[in-house]
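Pasting target37.txt here (compact mmCIF, C-alpha atoms and all ligand atoms):
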# COMPACT_ATOMS: atom_id res chain seq x y z
CA MET N 807 -40.42 -13.48 -16.21
CA THR N 808 -38.87 -16.41 -14.42
CA ALA N 809 -38.45 -17.12 -10.74
CA ASN N 810 -35.15 -18.72 -11.59
CA PRO N 811 -32.56 -16.47 -13.24
CA LEU N 812 -30.20 -19.48 -13.51
CA ALA N 813 -32.49 -21.54 -15.74
CA ASN N 814 -30.79 -22.30 -19.06
CA LYS N 815 -27.82 -20.06 -18.26
CA HIS N 816 -24.30 -21.14 -19.15
CA ILE N 817 -21.56 -20.51 -16.63
CA THR N 818 -17.85 -21.07 -17.05
CA LEU N 819 -16.44 -21.75 -13.59
CA ALA N 820 -12.70 -21.29 -13.16
CA VAL N 821 -11.43 -23.07 -10.05
CA THR N 822 -8.05 -21.85 -8.85
CA GLY N 823 -5.62 -23.25 -6.32
CA GLY N 824 -6.97 -22.59 -2.86
CA ILE N 825 -8.10 -24.99 -0.19
CA ALA N 826 -11.68 -23.76 -0.75
CA ALA N 827 -11.63 -25.57 -4.13
CA TYR N 828 -13.45 -28.46 -2.43
CA LYS N 829 -16.41 -26.16 -1.82
CA SER N 830 -16.66 -25.47 -5.53
CA CYS N 831 -17.78 -29.07 -6.05
CA GLU N 832 -20.91 -28.21 -4.10
CA LEU N 833 -21.14 -24.94 -6.02
CA VAL N 834 -21.24 -26.83 -9.33
CA ARG N 835 -23.90 -29.15 -7.94
CA LEU N 836 -26.07 -26.22 -6.85
CA LEU N 837 -25.67 -24.35 -10.15
CA VAL N 838 -26.55 -27.47 -12.15
CA LYS N 839 -29.48 -28.24 -9.87
CA ALA N 840 -30.76 -24.69 -10.47
CA GLY N 841 -30.83 -25.31 -14.20
CA ALA N 842 -27.51 -23.84 -15.36
CA SER N 843 -24.95 -25.63 -17.48
CA VAL N 844 -21.44 -25.38 -16.07
CA GLN N 845 -18.10 -25.68 -17.85
CA VAL N 846 -15.33 -26.12 -15.30
CA VAL N 847 -11.83 -24.85 -15.96
CA MET N 848 -9.09 -25.56 -13.42
CA SER N 849 -5.72 -24.00 -12.84
CA GLU N 850 -2.89 -26.51 -12.48
CA ALA N 851 -2.68 -25.63 -8.78
CA ALA N 852 -6.42 -26.25 -8.36
CA ALA N 853 -6.01 -29.74 -9.78
CA ARG N 854 -3.61 -30.46 -6.90
CA PHE N 855 -6.43 -29.78 -4.42
CA VAL N 856 -9.40 -31.55 -6.08
CA GLY N 857 -9.38 -34.15 -8.82
CA PRO N 858 -10.89 -32.99 -12.13
CA LEU N 859 -12.98 -36.18 -12.17
CA THR N 860 -15.14 -34.81 -9.35
CA PHE N 861 -15.94 -31.67 -11.36
CA GLU N 862 -16.40 -33.68 -14.56
CA THR N 863 -18.94 -35.91 -12.85
CA LEU N 864 -20.83 -33.04 -11.24
CA SER N 865 -20.90 -30.84 -14.35
CA GLY N 866 -21.31 -33.61 -16.90
CA ARG N 867 -18.58 -32.01 -19.03
CA PRO N 868 -14.83 -32.61 -19.42
CA VAL N 869 -12.76 -30.22 -17.32
CA ALA N 870 -10.32 -27.97 -19.17
CA ILE N 871 -6.90 -27.34 -17.65
CA ASP N 872 -4.44 -27.11 -20.53
CA GLN N 873 -4.72 -24.11 -22.82
CA PHE N 874 -2.71 -25.92 -25.51
CA SER N 875 -5.08 -28.85 -25.93
CA GLY N 876 -8.27 -28.59 -27.98
CA THR N 877 -9.27 -25.80 -30.36
CA MET N 878 -8.38 -22.49 -28.76
CA PRO N 879 -10.01 -23.28 -25.39
CA HIS N 880 -8.67 -19.99 -24.07
CA LEU N 881 -11.31 -18.25 -26.18
CA THR N 882 -13.98 -20.81 -26.98
CA LEU N 883 -14.74 -21.72 -23.37
CA THR N 884 -16.29 -18.32 -22.72
CA ARG N 885 -17.82 -17.90 -26.15
CA GLU N 886 -20.53 -20.58 -26.35
CA ASN N 887 -23.22 -18.15 -25.17
CA THR N 888 -21.56 -17.93 -21.79
CA ASP N 889 -23.58 -15.77 -19.42
CA LEU N 890 -20.93 -15.49 -16.72
CA LEU N 891 -17.30 -16.36 -16.10
CA LEU N 892 -17.07 -17.11 -12.38
CA VAL N 893 -13.79 -17.67 -10.56
CA ALA N 894 -14.30 -19.60 -7.31
CA PRO N 895 -12.18 -19.90 -5.35
CA ALA N 896 -10.19 -16.95 -6.67
CA THR N 897 -6.62 -17.01 -5.39
CA ALA N 898 -4.56 -13.89 -4.75
CA ASN N 899 -2.58 -15.01 -7.77
CA ILE N 900 -5.51 -15.09 -10.24
CA LEU N 901 -6.84 -11.79 -8.88
CA ALA N 902 -3.45 -10.17 -9.52
CA LYS N 903 -3.37 -11.59 -13.04
CA ALA N 904 -6.97 -10.57 -13.78
CA ALA N 905 -6.41 -7.03 -12.50
CA ASN N 906 -3.33 -6.58 -14.63
CA GLY N 907 -4.25 -8.36 -17.84
CA ILE N 908 -1.76 -11.18 -17.37
CA ALA N 909 -2.65 -14.24 -19.43
CA ASP N 910 -0.26 -17.12 -18.75
CA ASP N 911 -2.55 -20.11 -18.27
CA LEU N 912 -6.03 -21.18 -19.35
CA ALA N 913 -8.00 -19.49 -16.53
CA SER N 914 -6.17 -16.16 -16.77
CA THR N 915 -6.28 -16.15 -20.59
CA LEU N 916 -10.03 -16.81 -20.53
CA ILE N 917 -10.41 -13.85 -18.19
CA ALA N 918 -8.35 -11.61 -20.45
CA GLY N 919 -10.20 -12.61 -23.60
CA ARG N 920 -13.76 -12.92 -22.32
CA LYS N 921 -16.84 -11.30 -23.81
CA CYS N 922 -19.11 -12.10 -20.84
CA PRO N 923 -19.31 -10.57 -17.34
CA LEU N 924 -16.71 -11.73 -14.79
CA ALA N 925 -17.29 -12.51 -11.11
CA VAL N 926 -14.71 -13.59 -8.55
CA ALA N 927 -15.14 -15.21 -5.13
CA PRO N 928 -11.82 -14.56 -3.36
CA ALA N 929 -10.54 -17.12 -0.86
CA MET N 930 -7.31 -16.75 1.05
CA ASN N 931 -5.58 -16.29 4.38
CA ASP N 932 -6.38 -12.94 6.04
CA MET N 933 -2.81 -11.62 5.64
CA MET N 934 -2.98 -12.38 1.92
CA TRP N 935 -6.43 -10.74 1.68
CA THR N 936 -5.41 -7.53 3.46
CA ASN N 937 -2.03 -7.40 1.72
CA ALA N 938 -1.84 -3.97 0.06
CA PRO N 939 -1.19 -5.24 -3.51
CA ASN N 940 -4.16 -7.62 -3.20
CA GLN N 941 -6.41 -4.78 -2.04
CA ARG N 942 -5.17 -2.64 -4.94
CA ASN N 943 -6.00 -5.50 -7.32
CA ILE N 944 -9.50 -5.85 -5.87
CA ALA N 945 -10.06 -2.09 -6.26
CA LEU N 946 -8.87 -2.29 -9.88
CA LEU N 947 -11.17 -5.23 -10.61
CA LYS N 948 -14.15 -3.38 -9.13
CA GLN N 949 -13.26 -0.32 -11.21
CA ASP N 950 -13.31 -2.57 -14.27
CA GLY N 951 -16.85 -3.71 -13.45
CA VAL N 952 -15.88 -7.13 -12.12
CA HIS N 953 -18.33 -8.52 -9.53
CA VAL N 954 -16.52 -9.38 -6.30
CA PHE N 955 -18.45 -11.86 -4.13
CA GLY N 956 -17.33 -11.60 -0.51
CA PRO N 957 -15.05 -12.72 0.99
CA ALA N 958 -16.55 -13.38 4.43
CA CYS N 959 -14.94 -12.97 7.79
CA GLY N 960 -14.67 -16.22 9.72
CA GLU N 961 -12.65 -19.35 10.36
CA LEU N 962 -9.86 -19.81 7.80
CA ALA N 963 -8.21 -23.02 6.69
CA CYS N 964 -4.94 -21.95 8.31
CA GLY N 965 -6.62 -22.10 11.72
CA VAL N 966 -7.04 -18.39 12.40
CA SER N 967 -10.19 -16.33 12.15
CA GLY N 968 -10.26 -13.30 9.87
CA SER N 969 -11.35 -11.95 6.51
CA GLY N 970 -10.61 -13.90 3.35
CA ARG N 971 -12.96 -16.86 3.76
CA MET N 972 -14.76 -17.78 0.54
CA LEU N 973 -18.54 -17.33 0.65
CA GLU N 974 -20.48 -20.54 1.13
CA PRO N 975 -21.65 -22.17 -2.13
CA GLU N 976 -25.31 -21.19 -1.59
CA GLN N 977 -24.22 -17.58 -0.95
CA ILE N 978 -22.25 -17.58 -4.20
CA VAL N 979 -25.35 -18.90 -5.96
CA ALA N 980 -27.34 -15.99 -4.46
CA CYS N 981 -24.74 -13.56 -5.83
CA VAL N 982 -24.84 -15.23 -9.26
CA ARG N 983 -28.64 -14.96 -9.31
CA LYS N 984 -28.25 -11.22 -8.63
CA VAL N 985 -25.69 -10.76 -11.40
CA LEU N 986 -28.08 -12.49 -13.82
CA THR N 987 -31.12 -10.40 -12.76
CA PRO N 988 -31.88 -7.00 -14.35
CA GLN N 989 -30.87 -4.38 -11.77
CA VAL N 990 -34.11 -2.42 -11.95
CA LEU N 991 -33.83 -1.23 -8.33
CA ALA N 992 -30.10 -0.45 -8.32
CA GLY N 993 -29.28 2.30 -5.83
CA LYS N 994 -32.67 2.08 -4.07
CA LYS N 995 -33.12 1.38 -0.37
CA VAL N 996 -35.98 -1.04 0.23
CA LEU N 997 -37.57 -1.62 3.62
CA VAL N 998 -39.62 -4.82 3.96
CA THR N 999 -41.66 -6.16 6.87
CA ALA N 1000 -42.46 -9.87 7.04
CA GLY N 1001 -44.00 -12.60 9.14
CA PRO N 1002 -46.51 -12.46 11.96
CA THR N 1003 -46.31 -10.34 15.08
CA TYR N 1004 -46.47 -11.78 18.57
CA GLU N 1005 -48.45 -10.08 21.31
CA PRO N 1006 -47.69 -11.49 24.77
CA ILE N 1007 -50.44 -12.40 27.21
CA ASP N 1008 -47.87 -13.38 29.83
CA PRO N 1009 -44.21 -14.45 29.59
CA VAL N 1010 -45.09 -17.87 28.10
CA ARG N 1011 -48.28 -17.24 26.10
CA GLY N 1012 -49.21 -14.87 23.36
CA ILE N 1013 -51.39 -14.04 20.37
CA THR N 1014 -49.97 -14.50 16.89
CA ASN N 1015 -51.25 -15.55 13.45
CA LEU N 1016 -50.54 -18.06 10.72
CA SER N 1017 -48.24 -15.90 8.58
CA SER N 1018 -45.10 -17.94 7.79
CA GLY N 1019 -43.03 -14.99 6.55
CA LYS N 1020 -42.34 -16.79 3.24
CA GLN N 1021 -43.85 -14.04 1.06
CA GLY N 1022 -42.05 -11.21 2.88
CA TYR N 1023 -38.70 -13.04 2.82
CA ALA N 1024 -39.21 -13.69 -0.91
CA VAL N 1025 -39.85 -9.97 -1.42
CA ALA N 1026 -36.61 -9.17 0.41
CA GLN N 1027 -34.72 -11.69 -1.74
CA ALA N 1028 -36.20 -10.33 -4.98
CA ALA N 1029 -35.38 -6.75 -3.95
CA PHE N 1030 -31.76 -7.76 -3.28
CA GLU N 1031 -31.55 -9.60 -6.60
CA ALA N 1032 -32.99 -6.52 -8.36
CA GLY N 1033 -30.08 -4.46 -7.02
CA ALA N 1034 -31.59 -2.77 -3.94
CA GLU N 1035 -30.07 -2.36 -0.49
CA VAL N 1036 -32.58 -4.25 1.63
CA LEU N 1037 -33.55 -4.05 5.29
CA LEU N 1038 -35.94 -6.79 6.40
CA ILE N 1039 -37.84 -6.24 9.65
CA SER N 1040 -39.33 -9.56 10.61
CA GLY N 1041 -41.68 -10.90 13.22
CA PRO N 1042 -40.97 -14.38 14.63
CA THR N 1043 -40.39 -16.92 11.83
CA GLY N 1044 -38.18 -19.95 11.35
CA ILE N 1045 -36.82 -18.70 8.03
CA LYS N 1046 -33.18 -17.82 7.36
CA ALA N 1047 -32.67 -14.29 6.01
CA PRO N 1048 -31.83 -14.27 2.30
CA TYR N 1049 -28.17 -13.61 1.53
CA GLY N 1050 -27.37 -9.92 1.15
CA VAL N 1051 -30.37 -8.76 3.19
CA LYS N 1052 -29.96 -7.01 6.54
CA LEU N 1053 -32.35 -8.54 9.09
CA ILE N 1054 -33.85 -7.01 12.21
CA LYS N 1055 -35.95 -9.40 14.27
CA THR N 1056 -38.89 -7.98 16.17
CA ASP N 1057 -41.91 -9.39 18.00
CA THR N 1058 -44.82 -7.11 18.85
CA ALA N 1059 -46.54 -4.71 16.45
CA LEU N 1060 -45.30 -1.77 18.55
CA ASN N 1061 -41.70 -3.00 18.37
CA MET N 1062 -42.04 -3.62 14.64
CA LYS N 1063 -43.38 -0.09 14.22
CA ALA N 1064 -40.45 1.38 16.19
CA ALA N 1065 -37.99 -0.43 13.90
CA VAL N 1066 -39.87 0.72 10.77
CA ASP N 1067 -40.02 4.31 12.06
CA GLU N 1068 -36.27 4.34 12.52
CA ALA N 1069 -35.55 3.06 9.01
CA ALA N 1070 -38.31 4.74 7.00
CA SER N 1071 -36.80 8.21 6.66
CA THR N 1072 -33.75 6.92 4.77
CA ALA N 1073 -35.59 4.29 2.66
CA ASP N 1074 -36.97 4.85 -0.85
CA ILE N 1075 -39.50 2.02 -0.93
CA PHE N 1076 -41.52 0.45 1.89
CA ILE N 1077 -43.15 -2.93 1.30
CA SER N 1078 -45.36 -3.98 4.17
CA VAL N 1079 -45.84 -7.74 3.92
CA ALA N 1080 -46.01 -8.54 7.65
CA ALA N 1081 -49.31 -9.76 9.06
CA VAL N 1082 -49.42 -7.24 11.88
CA ALA N 1083 -51.82 -7.92 14.73
CA ASP N 1084 -54.67 -5.41 14.89
CA TRP N 1085 -54.66 -5.52 18.69
CA HIS N 1086 -52.29 -6.18 21.54
CA VAL N 1087 -53.05 -7.36 25.05
CA LEU N 1088 -53.61 -4.48 27.39
CA ALA N 1089 -51.22 -4.84 30.34
CA PRO N 1090 -49.80 -8.34 29.75
CA SER N 1091 -48.94 -10.16 32.97
CA THR N 1092 -45.28 -10.07 33.98
CA GLN N 1093 -45.65 -13.51 35.60
CA LYS N 1094 -47.11 -16.70 34.16
CA ILE N 1095 -50.87 -16.61 34.77
CA LYS N 1096 -51.78 -19.60 36.94
CA LYS N 1097 -54.90 -21.56 36.04
CA SER N 1098 -55.44 -22.17 39.74
CA SER N 1099 -55.66 -18.46 40.48
CA TYR N 1100 -58.99 -18.21 38.60
CA GLY N 1101 -60.87 -20.92 40.45
CA GLU N 1102 -64.29 -21.21 38.79
CA ALA N 1103 -63.97 -17.84 36.99
CA GLN N 1104 -62.96 -17.48 33.31
CA PRO N 1105 -59.98 -15.25 32.57
CA MET N 1106 -60.67 -12.16 30.42
CA ILE N 1107 -58.15 -10.65 28.03
CA MET N 1108 -58.53 -6.95 27.29
CA LEU N 1109 -57.23 -5.87 23.88
CA GLU N 1110 -56.10 -2.47 22.68
CA GLU N 1111 -55.74 -1.41 19.05
CA ASN N 1112 -52.28 -1.43 17.50
CA PRO N 1113 -51.08 1.43 15.31
CA ASP N 1114 -51.49 0.94 11.54
CA ILE N 1115 -47.82 0.63 10.53
CA LEU N 1116 -48.44 0.93 6.79
CA ALA N 1117 -50.86 3.90 6.90
CA GLU N 1118 -48.78 5.82 9.44
CA THR N 1119 -45.51 5.16 7.67
CA ALA N 1120 -47.03 6.36 4.39
CA ARG N 1121 -48.53 9.47 6.04
CA CYS N 1122 -45.33 10.45 7.88
CA ASN N 1123 -42.97 9.71 4.97
CA PRO N 1124 -44.39 11.26 1.79
CA HIS N 1125 -41.08 10.55 0.01
CA LEU N 1126 -41.62 6.77 0.34
CA TYR N 1127 -43.13 4.59 -2.38
CA CYS N 1128 -45.37 2.39 -0.23
CA VAL N 1129 -46.74 -1.05 -1.02
CA GLY N 1130 -49.20 -2.94 1.15
CA PHE N 1131 -50.27 -6.57 1.16
CA ALA N 1132 -53.89 -7.40 1.84
CA ALA N 1133 -54.67 -10.96 2.92
CA GLU N 1134 -58.39 -11.42 2.35
CA THR N 1135 -60.74 -14.37 2.24
CA GLN N 1136 -63.22 -12.82 -0.26
CA ASN N 1137 -63.63 -9.82 -2.65
CA ILE N 1138 -59.86 -9.65 -2.87
CA GLU N 1139 -59.55 -7.00 -5.57
CA SER N 1140 -62.18 -4.66 -4.15
CA TYR N 1141 -60.78 -4.92 -0.60
CA ALA N 1142 -57.29 -4.32 -1.99
CA ARG N 1143 -58.52 -1.18 -3.79
CA GLU N 1144 -60.27 0.03 -0.67
CA LYS N 1145 -57.01 -0.49 1.29
CA LEU N 1146 -55.02 1.38 -1.38
CA GLU N 1147 -57.24 4.44 -0.95
CA ARG N 1148 -57.72 4.26 2.82
CA LYS N 1149 -53.99 3.89 3.53
CA GLY N 1150 -52.80 6.34 0.88
CA VAL N 1151 -50.28 3.95 -0.70
CA SER N 1152 -49.14 3.44 -4.31
CA LEU N 1153 -49.77 -0.28 -4.71
CA VAL N 1154 -51.61 -3.02 -2.84
CA VAL N 1155 -51.06 -6.71 -3.45
CA GLY N 1156 -54.27 -8.54 -2.68
CA ASN N 1157 -53.83 -12.21 -1.88
CA ASN N 1158 -56.09 -15.01 -0.83
CA ALA N 1159 -55.42 -15.51 2.89
CA GLY N 1160 -56.92 -18.99 2.83
CA LEU N 1161 -54.52 -20.17 0.12
CA ALA N 1162 -51.46 -18.03 0.81
CA LEU N 1163 -50.77 -18.45 4.54
CA GLY N 1164 -47.84 -20.84 4.94
CA ALA N 1165 -47.99 -22.04 1.32
CA ASP N 1166 -45.25 -21.83 -1.32
CA LEU N 1167 -47.60 -20.68 -4.09
CA ASN N 1168 -49.73 -17.58 -4.13
CA SER N 1169 -52.50 -16.05 -6.25
CA VAL N 1170 -52.38 -12.30 -6.20
CA VAL N 1171 -53.75 -9.16 -7.75
CA PHE N 1172 -51.60 -6.01 -7.97
CA VAL N 1173 -53.89 -3.03 -7.54
CA SER N 1174 -52.75 0.52 -8.31
CA LYS N 1175 -54.81 3.68 -8.85
CA SER N 1176 -55.30 2.93 -12.54
CA ALA N 1177 -54.83 -0.82 -12.97
CA ALA N 1178 -55.31 -4.29 -11.56
CA ILE N 1179 -53.29 -7.28 -12.74
CA ALA N 1180 -53.88 -10.80 -11.46
CA PHE N 1181 -51.38 -13.68 -11.29
CA GLU N 1182 -52.69 -17.13 -10.42
CA GLY N 1183 -50.81 -19.95 -8.71
CA ILE N 1184 -47.24 -18.65 -9.01
CA SER N 1185 -44.44 -19.09 -6.47
CA LYS N 1186 -44.03 -16.48 -3.78
CA LEU N 1187 -40.63 -15.64 -5.26
CA GLU N 1188 -42.21 -15.01 -8.65
CA VAL N 1189 -44.85 -12.79 -7.00
CA ALA N 1190 -41.96 -10.89 -5.43
CA GLN N 1191 -40.05 -10.59 -8.74
CA ARG N 1192 -43.15 -9.34 -10.54
CA LEU N 1193 -43.68 -6.88 -7.72
CA MET N 1194 -40.13 -5.51 -8.08
CA ASN N 1195 -40.76 -4.96 -11.77
CA ALA N 1196 -44.12 -3.29 -11.12
CA ILE N 1197 -42.51 -0.96 -8.55
CA ALA N 1198 -39.62 -0.16 -10.87
CA CYS N 1199 -42.07 0.60 -13.70
CA ASN N 1200 -44.17 2.82 -11.49
CA LEU N 1201 -41.05 4.70 -10.44
CA GLY N 1202 -40.13 5.13 -14.11
CA LEU N 1203 -37.11 2.84 -13.79
CA CYS N 1204 -38.24 0.37 -16.45
CA LYS N 1205 -41.01 -0.19 -18.97
CA GLY N 1206 -43.71 -2.49 -17.78
CA GLU N 1207 -46.97 -3.99 -16.95
CA ILE N 1208 -48.59 -1.83 -14.28
CA SER N 1209 -48.71 1.89 -13.55
C1 LIG N 1301 -2.09 -26.00 0.95
C2 LIG N 1301 -2.15 -24.71 0.21
C3 LIG N 1301 -3.25 -23.92 0.33
C4 LIG N 1301 -3.34 -22.73 -0.37
N1 LIG N 1301 -4.47 -21.95 -0.23
C5 LIG N 1301 -4.54 -20.79 -0.89
C6 LIG N 1301 -5.70 -19.98 -0.76
O1 LIG N 1301 -6.66 -20.32 -0.05
N2 LIG N 1301 -5.76 -18.81 -1.43
C7 LIG N 1301 -4.74 -18.40 -2.23
O2 LIG N 1301 -4.85 -17.32 -2.79
N3 LIG N 1301 -3.64 -19.16 -2.39
C8 LIG N 1301 -3.52 -20.34 -1.74
N4 LIG N 1301 -2.41 -21.12 -1.90
C9 LIG N 1301 -1.35 -20.68 -2.80
C10 LIG N 1301 -1.71 -20.94 -4.25
O3 LIG N 1301 -2.00 -22.31 -4.44
C11 LIG N 1301 -0.59 -20.48 -5.15
O4 LIG N 1301 -0.47 -19.06 -5.07
C12 LIG N 1301 -0.77 -20.91 -6.58
O5 LIG N 1301 0.33 -20.45 -7.33
C13 LIG N 1301 -2.04 -20.39 -7.15
O6 LIG N 1301 -2.15 -20.74 -8.50
P1 LIG N 1301 -3.45 -20.46 -9.36
O7 LIG N 1301 -3.89 -19.07 -9.04
O8 LIG N 1301 -3.02 -20.62 -10.76
O9 LIG N 1301 -4.44 -21.49 -8.99
C14 LIG N 1301 -2.29 -22.32 -1.21
C15 LIG N 1301 -1.19 -23.15 -1.35
C16 LIG N 1301 -1.12 -24.32 -0.67
C17 LIG N 1301 0.09 -25.20 -0.87

In structure tokens, how does this file's structure come out?
Amino acid sequence: MTANPLANKHITLAVTGGIAAYKSCELVRLLVKAGASVQVVMSEAAARFVGPLTFETLSGRPVAIDQFSGTMPHLTLTRENTDLLLVAPATANILAKAANGIADDLASTLIAGRKCPLAVAPAMNDMMWTNAPNQRNIALLKQDGVHVFGPACGELACGVSGSGRMLEPEQIVACVRKVLTPQVLAGKKVLVTAGPTYEPIDPVRGITNLSSGKQGYAVAQAAFEAGAEVLLISGPTGIKAPYGVKLIKTDTALNMKAAVDEAASTADIFISVAAVADWHVLAPSTQKIKKSSYGEAQPMIMLEENPDILAETARCNPHLYCVGFAAETQNIESYAREKLERKGVSLVVGNNAGLALGADLNSVVFVSKSAAIAFEGISKLEVAQRLMNAIACNLGLCKGEIS
């Protein structure tokens, strides 16, 4: 188990002749930084956009352009234990060649003769992207099991806005991580809550807690990387949603519950990571409460209990596989087991509230009806990855560590 599916992976990156080639310099940097080795191949057109020296320097390897120099580079460059052949940017031209088995330069011949998985990140003008032959080629590539990353809709180099924009380098990295992760939750819909809730006292003040949202966002990322369709319902946090995850932002526990209620019936798995307030303020003021209006008196805040989102979602949706998180300051395993039984859920992740809130590392215990497994001092992403595997095992989707 590794939090980093890119560690020690070897990627052959074919850069073809689009203006987005400059972004692939950053892509190489990010892949290398994440622990992958990268062999860059360029089409002759690509070398008109960016000098091979830039890629050579970033990858630490000579760039291959000519298929007639060296010892059969058209085969060897995807054979040295290559984990993925990635084409970014992928021009309309290379997509057409890849879809039809044409092999007339180094990049296209590598594609035709590869043994490893192929992924493409198309980049082109919107008219070229929507052009019927290009769409036919994309459909053919998908039929052949090629991973197609994007493209996005947005500002294009030609000055117009439309579809055909290459994904940003960090988004391509997110897609590569997914391709290199076992798809144990493929086809599953996962609903995740994350972060704190915010209960207003008046329009400028409220009650919240120290949850950063990091663990819930990591769960959403791991679920996406494991192949699930992910909806993340988040309380207020400053964190960017992971690529590929649909985000709904909420605030109060009641609003979070309404969003969960709407999504729960069509989800397969519900993972409740949010630190939901137990109470909300009864009748919050619609105007800012003035200190002067109290004189010598002390203001009183009346609280009313919030619904238990996890327990009620589990009770009303017997089809859902439900996972709860329990942030405790003591007796973590026994409180987690008590929560498992009281809330009628399949798995509870007990974590040390004192250590976990806001931190990057977490120490957890996964508690199910028949087992308890502890993991000490691992990253929140690794907690999330281990959780995805535990869920998949419990659902009979893989062999594993907890049931
Ligand atoms: C300035 C300029 C920008 C271009 N941008 C793109 C592009 O973004 N996407 C694309 O598919 N083709 C683009 N082209 C056209 C390709 O460079 C051309 O189709 C070329 O033959 C592609 O060769 P390759 O696929 O071997 O790299 C552009 C051409 C020029 C001159």

Discussion item. At a cut-off of 6 Å around ligand LIG 1301 (chain N), and using all atoms listed in the file, what residues come up? Please write them as a count of residues only.
Written reply: 13

Worksheet item: Suppose you want the space between atom CA of N:Tyr1004 and atom CA of N:Asp1057; what is it in Å?
Response: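 The value is 5.2 Å.
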
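Among the candidate residues N:Asp1067, N:Glu974, N:Asp910, N:Glu1102, the one lying nearest to N:Ala827 is N:Glu974, with distances computed using all atoms listed in the file.
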
With 6 Å added on each side, what axis-aligned box encloses every listed atom of stretch 1157-1173 of chain N? Give the centre and edge lengths in Å to one decimal, as AutoDock Vina command-line options.
--center_x -51.1 --center_y -12.5 --center_z -1.5 --size_x 23.7 --size_y 31.0 --size_z 24.9

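We find atom CA of N:Ala1047 and atom CA of N:Ala1159 to be spaced 23.0 Å apart.
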
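Relative to atom CA of N:Leu1203, atom CA of N:Ala992 is found at 9.5 Å.
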
Worksheet item: From the list N:Val869, N:Ala853, N:Ala1064, N:Ala1196, which residue is nearest N:Ile1115 when using all atoms listed in the file?
Response: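 For N:Ile1115, the nearest of the given residues is N:Ala1064.
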
Worksheet item: What would the list of residues within 9 Å of (-26.4, -13.6, -13.4) (file frame) look like as a list in words, if all atoms listed in the file are what count?
Response: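 Protein, DNA and RNA residues close to (-26.4, -13.6, -13.4): Pro811, Leu812, Lys815, Asp889, Leu890, Pro923, Cys981, Val982, Arg983, Lys984, Val985, Leu986, Thr987 and Pro988 of chain N.
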
Item to complete: Tell me which protein, DNA and RNA residues are within 9 Å of N:Asp1166, counting all atoms listed in the file, leaving out same-chain ones fewer than 3 positions away, and put them as a ChimeraX atom specification.
Response: /N:1020-1021,1162-1163,1184-1187
